[in-house]
$ cat run_28.txt   # compact mmCIF, C-alpha atoms (C1' of nucleotides)
# COMPACT_ATOMS: atom_id res chain seq x y z
CA MET W 208 74.17 90.42 50.08
CA SER W 209 74.96 86.76 49.47
CA LEU W 210 73.44 86.87 46.00
CA ARG W 211 76.64 88.70 45.15
CA TYR W 212 78.76 85.73 46.21
CA ALA W 213 76.56 83.26 44.42
CA LEU W 214 77.21 85.26 41.24
CA LEU W 215 80.92 85.53 41.92
CA GLY W 216 81.04 81.77 42.46
CA ILE W 217 79.33 81.04 39.16
CA ILE W 218 81.53 83.43 37.22
CA SER W 219 84.66 82.03 38.92
CA LYS W 220 84.24 78.81 36.96
CA LYS W 221 83.94 80.39 33.57
CA PRO W 222 82.95 83.77 32.16
CA ALA W 223 79.20 84.13 31.79
CA THR W 224 76.47 86.55 30.76
CA GLY W 225 73.59 87.56 32.99
CA TYR W 226 71.40 85.34 30.89
CA ASP W 227 73.69 82.35 31.50
CA VAL W 228 73.56 82.97 35.21
CA VAL W 229 69.78 83.01 35.21
CA ARG W 230 69.79 79.61 33.50
CA ILE W 231 72.34 78.18 35.91
CA PHE W 232 70.21 79.28 38.86
CA LYS W 233 67.19 77.54 37.40
CA GLU W 234 68.89 74.36 36.28
CA GLN W 235 71.57 73.66 38.81
CA MET W 236 70.79 75.67 41.89
CA VAL W 237 67.07 75.27 42.56
CA TYR W 238 67.87 73.29 45.65
CA PHE W 239 69.80 76.00 47.43
CA TRP W 240 69.40 79.42 45.84
CA ASN W 241 67.09 81.36 43.59
CA SER W 242 66.80 84.79 42.11
CA THR W 243 65.23 86.65 39.22
CA HIS W 244 66.75 88.23 36.15
CA SER W 245 65.98 91.75 37.34
CA GLN W 246 67.89 91.22 40.55
CA ILE W 247 70.78 89.50 38.80
CA TYR W 248 71.31 92.16 36.14
CA THR W 249 71.22 94.86 38.78
CA GLU W 250 73.78 93.11 40.97
CA LEU W 251 76.08 92.38 38.02
CA ASN W 252 76.08 96.06 37.08
CA ARG W 253 76.85 97.00 40.67
CA MET W 254 79.75 94.57 40.93
CA ASP W 255 81.07 95.75 37.59
CA GLN W 256 81.20 99.29 38.95
CA GLU W 257 82.94 98.05 42.08
CA SER W 258 85.50 96.22 39.91
CA LEU W 259 84.76 92.79 41.34
CA ILE W 260 84.00 91.70 37.80
CA ASP W 261 84.54 93.18 34.37
CA HIS W 262 82.91 92.50 31.03
CA GLU W 263 83.54 92.15 27.36
CA LEU W 264 80.77 93.45 25.14
CA VAL W 265 79.98 91.09 22.30
CA ILE W 266 78.10 92.57 19.35
CA GLN W 267 75.91 90.01 17.61
CA GLN W 268 73.85 90.40 14.49
CA ASN W 269 71.42 87.49 14.77
CA SER W 270 70.68 87.90 18.44
CA PRO W 271 70.93 90.76 20.95
CA ASN W 272 74.32 91.98 22.07
CA LYS W 273 75.65 90.55 25.29
CA LYS W 274 78.10 91.20 28.08
CA ILE W 275 80.39 88.40 29.08
CA TYR W 276 81.50 88.86 32.66
CA SER W 277 84.75 87.61 34.18
CA LEU W 278 86.12 87.74 37.72
CA THR W 279 88.78 90.32 38.48
CA ASP W 280 91.59 89.53 40.93
CA GLN W 281 89.80 91.71 43.43
CA GLY W 282 86.59 89.74 42.86
CA ARG W 283 88.33 86.43 43.42
CA LYS W 284 89.94 87.71 46.62
CA GLU W 285 86.62 89.00 47.87
CA LEU W 286 84.96 85.65 47.14
CA VAL W 287 87.60 83.70 49.06
CA ARG W 288 87.48 86.18 51.92
CA TRP W 289 83.72 85.76 52.21
CA MET W 290 83.96 81.99 52.01
CA MET W 291 86.62 81.63 54.69
CA GLU W 292 86.04 84.58 57.00
CA GLN W 293 82.33 85.23 57.06
CA PRO W 294 80.59 83.10 59.71
CA LEU W 295 78.05 80.72 58.20
CA LYS W 296 74.49 81.91 58.34
CA PRO W 297 71.89 79.17 58.81
CA ALA W 298 69.90 78.26 55.71
CA LYS W 299 66.66 80.12 55.14
CA ILE W 300 63.98 77.98 53.67
CA LYS W 301 60.52 79.03 52.55
CA ASP W 302 58.61 75.91 51.66
CA GLU W 303 54.92 76.60 51.19
CA PHE W 304 53.98 72.97 51.01
CA LEU W 305 55.37 72.31 54.45
CA ILE W 306 53.40 75.15 55.95
CA LYS W 307 50.35 73.54 54.40
CA ALA W 308 51.38 70.18 55.84
CA ALA W 309 51.89 71.79 59.24
CA ALA W 310 48.25 72.97 59.10
CA PHE W 311 46.72 69.65 57.96
CA ASN W 312 44.56 69.69 61.08
CA VAL W 313 42.05 71.95 59.30
CA LEU W 314 41.57 69.52 56.37
CA SER W 315 39.94 66.14 55.75
CA LEU W 316 41.98 63.05 54.84
CA PRO W 317 41.14 63.14 51.10
CA GLU W 318 42.14 66.79 50.98
CA MET W 319 45.48 66.05 52.65
CA ILE W 320 46.17 63.18 50.26
CA GLN W 321 45.32 65.34 47.29
CA LEU W 322 47.89 67.94 48.34
CA VAL W 323 50.58 65.35 49.03
CA ASP W 324 49.94 63.77 45.61
CA GLU W 325 50.34 67.12 43.91
CA VAL W 326 53.67 67.69 45.57
CA ILE W 327 54.85 64.19 44.71
CA LYS W 328 54.09 64.90 41.06
CA ARG W 329 56.03 68.15 41.12
CA GLU W 330 58.97 66.82 43.06
CA THR W 331 59.25 63.73 40.87
CA ARG W 332 59.65 65.97 37.85
CA VAL W 333 62.32 68.09 39.52
CA HIS W 334 64.12 64.99 40.76
CA GLU W 335 64.19 63.46 37.28
CA MET W 336 65.50 66.67 35.79
CA THR W 337 68.33 66.81 38.31
CA VAL W 338 69.32 63.20 37.73
CA GLN W 339 69.32 63.83 33.99
CA TRP W 340 71.35 66.99 34.38
CA LYS W 341 73.92 65.17 36.51
CA ASP W 342 74.24 62.35 33.98
CA GLN W 343 74.81 64.86 31.21
CA TYR W 344 77.34 66.69 33.31
CA MET W 345 79.27 63.55 34.26
CA ASN W 346 79.40 62.46 30.62
CA GLY W 347 80.62 65.85 29.44
CA GLU W 348 84.24 66.93 29.46
CA GLU W 349 83.88 69.56 32.17
CA SER W 350 84.07 68.52 35.79
CA ASP W 351 83.95 71.08 38.52
CA THR W 352 84.01 69.85 42.10
CA GLY W 353 81.40 72.32 43.33
CA THR W 354 78.97 71.41 40.60
CA ILE W 355 79.31 67.70 41.32
CA LEU W 356 78.83 68.20 45.06
CA THR W 357 75.74 70.37 44.70
CA LEU W 358 74.18 68.24 41.98
CA GLU W 359 74.55 65.24 44.27
CA TYR W 360 72.99 67.32 47.03
CA GLY W 361 69.99 68.09 44.83
CA ILE W 362 69.45 64.43 44.06
CA ARG W 363 69.64 63.47 47.72
CA TYR W 364 67.35 66.32 48.73
CA SER W 365 64.60 65.45 46.26
CA LYS W 366 64.90 61.77 47.05
CA MET W 367 64.50 62.50 50.75
CA TYR W 368 61.53 64.75 49.98
CA LEU W 369 59.78 62.06 47.94
CA GLU W 370 60.44 59.37 50.52
CA TRP W 371 59.04 61.62 53.21
CA CYS W 372 55.92 62.20 51.10
CA GLU W 373 55.34 58.47 50.75
CA TRP W 374 55.89 57.97 54.44
CA ALA W 375 53.46 60.83 55.18
CA LYS W 376 50.75 59.31 52.98
CA ALA W 377 51.07 55.95 54.69
CA TYR W 378 51.06 57.61 58.10
CA LEU W 379 47.97 59.66 57.32
CA GLU W 380 46.01 56.76 55.88
CA GLN W 381 46.78 54.52 58.80
CA PHE W 382 46.15 57.20 61.37
CA TYR W 383 42.76 58.19 60.01
CA LYS W 384 41.65 54.58 59.50
CA GLU W 385 42.25 53.91 63.17
CA ASN W 386 40.81 57.12 64.50
CA ASP W 387 37.66 57.43 62.40
CA LYS W 388 36.30 54.05 63.37
CA MET X 140 52.08 86.86 51.76
CA SER X 141 52.46 83.25 52.90
CA LEU X 142 53.80 84.33 56.28
CA ARG X 143 50.16 85.12 56.95
CA TYR X 144 49.14 81.50 56.35
CA ALA X 145 51.98 80.14 58.41
CA LEU X 146 50.67 82.24 61.30
CA LEU X 147 47.08 81.21 60.68
CA GLY X 148 48.20 77.57 60.67
CA ILE X 149 49.98 77.89 63.98
CA ILE X 150 47.08 79.69 65.64
CA SER X 151 44.61 77.14 64.22
CA LYS X 152 46.00 74.53 66.59
CA LYS X 153 45.73 76.56 69.72
CA PRO X 154 45.53 80.25 70.64
CA ALA X 155 48.95 81.85 70.90
CA THR X 156 50.73 85.14 71.51
CA GLY X 157 53.20 86.69 69.08
CA TYR X 158 55.94 85.62 71.41
CA ASP X 159 54.73 82.00 71.29
CA VAL X 160 54.74 82.12 67.50
CA VAL X 161 58.31 83.37 67.40
CA ARG X 162 59.35 80.43 69.58
CA ILE X 163 57.44 77.93 67.44
CA PHE X 164 59.15 79.24 64.32
CA LYS X 165 62.53 78.79 65.93
CA GLU X 166 61.93 75.40 67.48
CA GLN X 167 59.66 73.53 65.14
CA MET X 168 59.81 75.27 61.79
CA VAL X 169 63.49 75.98 61.10
CA TYR X 170 63.43 73.43 58.32
CA PHE X 171 60.77 75.12 56.25
CA TRP X 172 60.01 78.65 57.35
CA ASN X 173 61.51 81.52 59.26
CA SER X 174 60.65 85.03 60.27
CA THR X 175 61.49 87.68 62.83
CA HIS X 176 59.52 89.09 65.69
CA SER X 177 59.12 92.47 64.01
CA GLN X 178 57.53 90.93 60.96
CA ILE X 179 55.34 88.62 63.01
CA TYR X 180 53.92 91.32 65.30
CA THR X 181 53.18 93.52 62.28
CA GLU X 182 51.38 90.74 60.43
CA LEU X 183 49.38 89.71 63.51
CA ASN X 184 48.17 93.29 63.92
CA ARG X 185 47.20 93.44 60.26
CA MET X 186 45.25 90.18 60.42
CA ASP X 187 43.55 91.34 63.58
CA GLN X 188 42.29 94.42 61.75
CA GLU X 189 41.10 92.27 58.87
CA SER X 190 39.23 90.02 61.35
CA LEU X 191 41.09 86.85 60.37
CA ILE X 192 42.09 86.55 64.01
CA ASP X 193 41.02 88.23 67.22
CA HIS X 194 42.72 88.58 70.57
CA GLU X 195 42.16 88.56 74.27
CA LEU X 196 44.32 90.99 76.22
CA VAL X 197 45.77 89.43 79.35
CA ILE X 198 47.00 91.86 81.99
CA GLN X 199 49.88 90.47 84.00
CA GLN X 200 51.64 92.00 86.98
CA ASN X 201 54.90 90.05 87.06
CA SER X 202 55.57 90.14 83.36
CA PRO X 203 54.43 92.32 80.47
CA ASN X 204 50.82 92.19 79.27
CA LYS X 205 50.12 89.93 76.34
CA LYS X 206 47.63 89.34 73.54
CA ILE X 207 46.38 85.83 73.00
CA TYR X 208 45.26 85.42 69.42
CA SER X 209 42.62 82.99 68.16
CA LEU X 210 41.36 82.19 64.68
CA THR X 211 38.01 83.63 63.64
CA ASP X 212 35.64 81.66 61.39
CA GLN X 213 36.71 83.93 58.58
CA GLY X 214 40.36 83.20 59.31
CA ARG X 215 39.80 79.47 59.25
CA LYS X 216 37.92 79.70 55.95
CA GLU X 217 40.67 81.81 54.46
CA LEU X 218 43.30 79.31 55.60
CA VAL X 219 41.48 76.36 54.04
CA ARG X 220 40.84 78.33 50.85
CA TRP X 221 44.54 79.12 50.53
CA MET X 222 45.53 75.54 51.24
CA MET X 223 43.19 73.98 48.70
CA GLU X 224 42.83 76.62 46.01
CA GLN X 225 46.14 78.39 45.76
CA PRO X 226 48.54 76.61 43.39
CA LEU X 227 51.68 75.41 45.13
CA LYS X 228 54.67 77.66 44.76
CA PRO X 229 58.02 75.88 44.62
CA ALA X 230 60.14 76.10 47.76
CA LYS X 231 62.59 78.95 47.98
CA ILE X 232 65.79 78.01 49.66
CA LYS X 233 68.69 80.24 50.56
CA ASP X 234 71.48 78.05 51.81
CA GLU X 235 74.75 79.95 52.10
CA PHE X 236 76.80 76.89 52.77
CA LEU X 237 75.78 75.36 49.48
CA ILE X 238 76.75 78.45 47.56
CA LYS X 239 80.13 78.13 49.24
CA ALA X 240 80.27 74.46 48.30
CA ALA X 241 79.37 75.35 44.72
CA ALA X 242 82.42 77.63 44.63
CA PHE X 243 84.89 75.16 46.18
CA ASN X 244 87.01 75.50 43.03
CA VAL X 245 88.61 78.67 44.45
CA LEU X 246 89.77 76.93 47.66
CA SER X 247 92.37 74.39 48.70
CA LEU X 248 91.45 70.95 50.06
CA PRO X 249 92.12 71.83 53.75
CA GLU X 250 89.98 74.94 53.38
CA MET X 251 87.11 72.93 51.89
CA ILE X 252 87.33 70.34 54.66
CA GLN X 253 87.35 73.05 57.30
CA LEU X 254 84.11 74.50 55.95
CA VAL X 255 82.43 71.10 55.69
CA ASP X 256 83.45 70.30 59.26
CA GLU X 257 81.95 73.55 60.51
CA VAL X 258 78.66 72.79 58.85
CA ILE X 259 78.66 69.24 60.21
CA LYS X 260 79.06 70.65 63.70
CA ARG X 261 76.19 73.07 63.24
CA GLU X 262 73.88 70.60 61.56
CA THR X 263 74.54 67.93 64.16
CA ARG X 264 73.39 70.30 66.86
CA VAL X 265 70.20 71.20 64.97
CA HIS X 266 69.52 67.54 64.22
CA GLU X 267 69.89 66.56 67.87
CA MET X 268 67.58 69.34 68.95
CA THR X 269 64.93 68.23 66.49
CA VAL X 270 65.14 64.60 67.59
CA GLN X 271 64.85 65.70 71.20
CA TRP X 272 61.91 67.94 70.44
CA LYS X 273 60.11 65.14 68.62
CA ASP X 274 60.66 62.72 71.52
CA GLN X 275 59.26 65.27 73.94
CA TYR X 276 56.31 65.89 71.67
CA MET X 277 55.52 62.20 71.21
CA ASN X 278 55.68 61.61 74.97
CA GLY X 279 53.41 64.57 75.70
CA GLU X 280 49.63 64.41 75.62
CA GLU X 281 49.20 66.61 72.55
CA SER X 282 49.43 65.07 69.13
CA ASP X 283 48.77 67.14 66.07
CA THR X 284 49.19 65.49 62.70
CA GLY X 285 50.88 68.48 61.07
CA THR X 286 53.42 68.78 63.86
CA ILE X 287 54.31 65.10 63.64
CA LEU X 288 54.69 65.22 59.86
CA THR X 289 56.89 68.29 59.85
CA LEU X 290 59.02 67.16 62.80
CA GLU X 291 59.69 63.93 60.95
CA TYR X 292 60.54 66.01 57.90
CA GLY X 293 63.08 67.99 59.90
CA ILE X 294 64.76 64.84 61.14
CA ARG X 295 64.97 63.38 57.66
CA TYR X 296 66.23 66.66 56.23
CA SER X 297 69.06 67.07 58.71
CA LYS X 298 69.99 63.41 58.44
CA MET X 299 70.21 63.73 54.66
CA TYR X 300 72.28 66.89 55.06
CA LEU X 301 74.76 65.22 57.39
CA GLU X 302 75.07 62.13 55.23
CA TRP X 303 75.73 64.33 52.22
CA CYS X 304 78.44 66.16 54.17
CA GLU X 305 80.19 62.90 55.02
CA TRP X 306 79.92 61.76 51.43
CA ALA X 307 81.32 65.10 50.25
CA LYS X 308 84.31 64.86 52.59
CA ALA X 309 85.13 61.38 51.35
CA TYR X 310 84.69 62.48 47.75
CA LEU X 311 86.94 65.50 48.18
CA GLU X 312 89.68 63.62 49.97
CA GLN X 313 89.77 60.88 47.40
CA PHE X 314 89.55 63.24 44.47
CA TYR X 315 92.42 65.43 45.61
CA LYS X 316 94.60 62.51 46.61
CA GLU X 317 94.37 61.18 43.07
CA ASN X 318 94.73 64.48 41.28
CA ASP X 319 97.53 66.05 43.26
CA LYS X 320 99.93 63.20 42.69
C1' DA I 224 75.96 93.91 88.21
C1' DG I 225 74.89 91.65 84.00
C1' DG I 226 72.41 88.59 81.20
C1' DC I 227 68.33 85.95 80.00
C1' DG I 228 63.29 85.27 79.56
C1' DC I 229 59.04 87.48 79.02
C1' DA I 230 56.48 90.65 75.89
C1' DT I 231 55.40 94.09 72.23
C1' DG I 232 56.02 97.38 69.19
C1' DT I 233 58.06 101.14 65.32
C1' DA I 234 61.54 103.01 62.00
C1' DA I 235 64.98 102.65 58.61
C1' DT I 236 67.11 100.07 55.28
C1' DT I 237 67.96 96.30 52.07
C1' DA I 238 66.44 92.41 49.37
C1' DG I 239 63.30 90.41 46.41
C1' DT I 240 59.16 90.27 43.24
C1' DT I 241 56.24 91.72 39.55
C1' DA I 242 55.33 94.59 35.94
C1' DC I 243 56.84 97.34 32.14
C1' DA I 244 59.80 97.64 27.97
C1' DT I 245 62.13 96.12 23.53
C1' DG I 246 63.13 93.18 19.47
C1' DA I 247 65.12 89.78 16.26
C1' DT I 248 65.13 84.68 15.17
C1' DT I 249 63.54 80.06 15.14
C1' DC I 250 60.37 76.34 15.39
C1' DA I 251 55.79 74.23 15.16
C1' DT P 106 50.73 83.28 13.82
C1' DG P 107 51.96 82.44 18.23
C1' DA P 108 55.25 80.80 21.49
C1' DA P 109 60.03 80.08 22.87
C1' DT P 110 64.92 81.43 23.06
C1' DC P 111 68.19 84.93 23.29
C1' DA P 112 69.38 89.24 25.75
C1' DT P 113 69.23 93.33 28.90
C1' DG P 114 67.45 96.65 31.47
C1' DT P 115 64.24 100.03 34.77
C1' DA P 116 60.28 101.10 37.87
C1' DA P 117 57.03 100.14 41.32
C1' DC P 118 55.92 97.60 44.94
C1' DT P 119 56.11 94.12 48.75
C1' DA P 120 58.68 91.38 51.97
C1' DA P 121 62.29 90.85 55.12
C1' DT P 122 66.12 92.42 58.07
C1' DT P 123 68.32 95.27 61.46
C1' DA P 124 68.25 98.76 64.58
C1' DC P 125 65.89 101.37 67.99
C1' DA P 126 62.94 101.30 72.19
C1' DT P 127 61.03 99.80 76.84
C1' DG P 128 60.97 97.40 81.37
C1' DC P 129 60.23 94.02 85.16
C1' DG P 130 61.70 89.65 87.47
C1' DC P 131 64.86 86.03 88.12
C1' DC P 132 69.12 83.77 88.38
C1' DT P 133 74.23 83.70 89.09
$ encode --input "run_28.txt" --output "C-alpha cells"
Amino acid sequence: MSLRYALLGIISKKPATGYDVVRIFKEQMVYFWNSTHSQIYTELNRMDQESLIDHELVIQQNSPNKKIYSLTDQGRKELVRWMMEQPLKPAKIKDEFLIKAAAFNVLSLPEMIQLVDEVIKRETRVHEMTVQWKDQYMNGEESDTGTILTLEYGIRYSKMYLEWCEWAKAYLEQFYKENDK
Amino acid sequence: MSLRYALLGIISKKPATGYDVVRIFKEQMVYFWNSTHSQIYTELNRMDQESLIDHELVIQQNSPNKKIYSLTDQGRKELVRWMMEQPLKPAKIKDEFLIKAAAFNVLSLPEMIQLVDEVIKRETRVHEMTVQWKDQYMNGEESDTGTILTLEYGIRYSKMYLEWCEWAKAYLEQFYKENDK
DNA sequence: AGGCGCATGTAATTAGTTACATGATTCA
DNA sequence: TGAATCATGTAACTAATTACATGCGCCT
C-alpha cells in the first residue's frame, strides 16, 4: 500500500509518466524503495480510477503514446494525510549479502574475502553513480528539498556500507591469522 | 526464496526452534532481513520435507512441545552452494520514512521537523538496543564471526541514520529561514 | 482478571516478481 | 543486425502479511 504514496510523492513534484517513475525509482530511490514497471503501471491505473491522479494522453508519432499523470487535489490531500497521520512503519530491508555475511561460519577465509570484494565492487559503482547524480542535480536549476535529502542519504548509506566492508575485511584477516596458527 | 537461506544460516550456527528463529530475526537481523512467524514455520516445514534440515521433537509438560531443527549435510551443502554460486542480488529496501522525506515538498517546516523527530526517537531506541545486544554478545562465551560482523553493521547503520537525521534537521531549518524571509 | 512468554500452525488476502506481448527509432 | 531507449500493458506465479486458532504457566 505504500507504493501508492511513493508514486504520489514523485508525481507531486512534477507531472510524470509511468516510464519516468520507473527511471526515478532506479536512479534516485534505490536506497529506500524499489518496484517494477508492471506494479507501477497497475497502481497508476488504479489511482487514476480513484481520482487521486489524472492524466493527459500525449499522442506521439516518433515514439509510443504516453500518459502524463498529475496529482489531483484529492491525491495531494491523501498524500499529506498519510504522511502526517499514518504511524511510521519500521523499514523493511532485504539484503542478501548480509545474510551471506551472517552465515560466514560455513566458509573459508578466502571465500569470505571473495564475497566481500564482490560487494565492494558493486557498492562502489552505486556510490559513484549517486554522487554523480547529486552533482548533476545540484548544478541544475531544479532544487527540491526531498530530493536533496534523500540523495544525501544515499551517499551516506553507500559510504557507510563501503567502510563497513573494509572494516570487515580487516577484521576477518586479523581474526583468522590469529586463530589458524 | 532467500528466506530459506537466512534460516539455513541461522540453524547452521546452532540447532534452533521456529520460535528461536523469530526472536533472532527481531533482535539481531532487523537491519537486513525480516519475516513473520507464519512464513518461518511454513518454510521450516518445507525444508524439513526436502531434507535440508531435520528436527528432534521435544515433549514438554510446562510449556508447549517444540521442534529443534538442525542442518543436514545436504542443507549445509545447499547453503554453501547458494553463498558461493548464486550471483548477488542488490538489496531491496522499503523505508517508509524516506518516501515521506522524499515528499517533504508538500509539508510545512514544522511538519517536516515533527516527522524527523519521531524517526530520531525510534531510531535511537533501536540503536541503543543493538549496542546493548552487541555488548552482551561480546561478553558472552559464544563468538560467531557472522554475528559480530552483522551486529557491527547494525550499529554503523543506525548511527549513519541518526547522523543523517540531525544533518537533515539543520539543513531544513537553515533552508527555510533563508527562503521564507 | 488480564497480559506476556512460550510454542506452532493454517487460511485468506495483498504485494511483488517474472514472463508474455508489442513496436517504432536510434546508435554502434 | 542487434541492442538500447521509449512506452504501456496483462497474466501467471511466488512471497509476504494479517487474521484466525489454541492453550498452559507466570507475574502483577
$ closest_residue --input "run_28.txt" --among "X:Glu189, X:Glu305, X:Glu182, X:Asp159" --to "DG232 of chain I" --atoms "all atoms listed in the file"
X:Glu182
$ atom_distance --input "run_28.txt" --atom1 "atom C1' of DA230 of chain I" --atom2 "atom CA of Pro203 of chain X"
5.3 Å
$ atom_distance --input "run_28.txt" --atom1 "atom CA of Leu183 of chain X" --atom2 "atom CA of Glu291 of chain X"
27.9 Å
$ closest_residue --input "run_28.txt" --among "I:DC243, I:DA251, I:DA224, I:DA238" --to "DA120 of chain P" --atoms "all atoms listed in the file"
I:DA238
$ residues_around --input "run_28.txt" --residues "DC118 of chain P" --least-positions-apart "2" --cutoff "10 Å" --atoms "all atoms listed in the file" --output "MDAnalysis selection string"
(chainID I and resid 240:242) or (chainID P and resid 116 120)
$ write_last_selection --input "run_28.txt" --atoms "C-alpha atoms (C1' of nucleotides)" --output "PDB file, in the frame of the given file"
ATOM      1  C1'  DT I 240      59.160  90.270  43.240  1.00  0.00           C
ATOM      2  C1'  DT I 241      56.240  91.720  39.550  1.00  0.00           C
ATOM      3  C1'  DA I 242      55.330  94.590  35.940  1.00  0.00           C
TER       4       DA I 242
ATOM      5  C1'  DA P 116      60.280 101.100  37.870  1.00  0.00           C
ATOM      6  C1'  DA P 120      58.680  91.380  51.970  1.00  0.00           C
TER       7       DA P 120
END
$ interface_residues --input "run_28.txt" --of "chain X" --to "chain I" --cutoff "10 Å" --atoms "all atoms listed in the file" --output "ChimeraX atom specification"
/X:156-159,176-177,180-181,201-206
$ atom_distance --input "run_28.txt" --atom1 "atom CA of Thr352 of chain W" --atom2 "atom CA of Phe314 of chain X"
8.9 Å
$ closest_residue --input "run_28.txt" --among "X:Ala307, X:Met277, X:Leu146, X:Ala155" --to "Met168 of chain X" --atoms "all atoms listed in the file"
X:Leu146
$ interface_residues --input "run_28.txt" --of "chain X" --to "chain W" --cutoff "6 Å" --atoms "all atoms listed in the file" --output "number ranges by chain"
X: 145, 148, 171-172, 230-234, 238, 240-243, 285-286
$ write_last_selection --input "run_28.txt" --atoms "C-alpha atoms" --output "PDB file, in the coordinates of the input"
ATOM      1  CA  ALA X 145      51.980  80.140  58.410  1.00  0.00           C
ATOM      2  CA  GLY X 148      48.200  77.570  60.670  1.00  0.00           C
ATOM      3  CA  PHE X 171      60.770  75.120  56.250  1.00  0.00           C
ATOM      4  CA  TRP X 172      60.010  78.650  57.350  1.00  0.00           C
ATOM      5  CA  ALA X 230      60.140  76.100  47.760  1.00  0.00           C
ATOM      6  CA  LYS X 231      62.590  78.950  47.980  1.00  0.00           C
ATOM      7  CA  ILE X 232      65.790  78.010  49.660  1.00  0.00           C
ATOM      8  CA  LYS X 233      68.690  80.240  50.560  1.00  0.00           C
ATOM      9  CA  ASP X 234      71.480  78.050  51.810  1.00  0.00           C
ATOM     10  CA  ILE X 238      76.750  78.450  47.560  1.00  0.00           C
ATOM     11  CA  ALA X 240      80.270  74.460  48.300  1.00  0.00           C
ATOM     12  CA  ALA X 241      79.370  75.350  44.720  1.00  0.00           C
ATOM     13  CA  ALA X 242      82.420  77.630  44.630  1.00  0.00           C
ATOM     14  CA  PHE X 243      84.890  75.160  46.180  1.00  0.00           C
ATOM     15  CA  GLY X 285      50.880  68.480  61.070  1.00  0.00           C
ATOM     16  CA  THR X 286      53.420  68.780  63.860  1.00  0.00           C
TER      17      THR X 286
END
$ interface_residues --input "run_28.txt" --of "chain P" --to "chain W" --cutoff "12 Å" --atoms "only C-alpha atoms (C1' of nucleotides)" --output "PyMOL selection string"
chain P and resi 110-116+121-122
$ axis_aligned_box --input "run_28.txt" --around "segment 230-245 of chain I" --padding-each-side "4 Å" --output "AutoDock Vina command-line options"
--center_x 61.6 --center_y 96.6 --center_z 49.7 --size_x 20.6 --size_y 20.7 --size_z 60.4
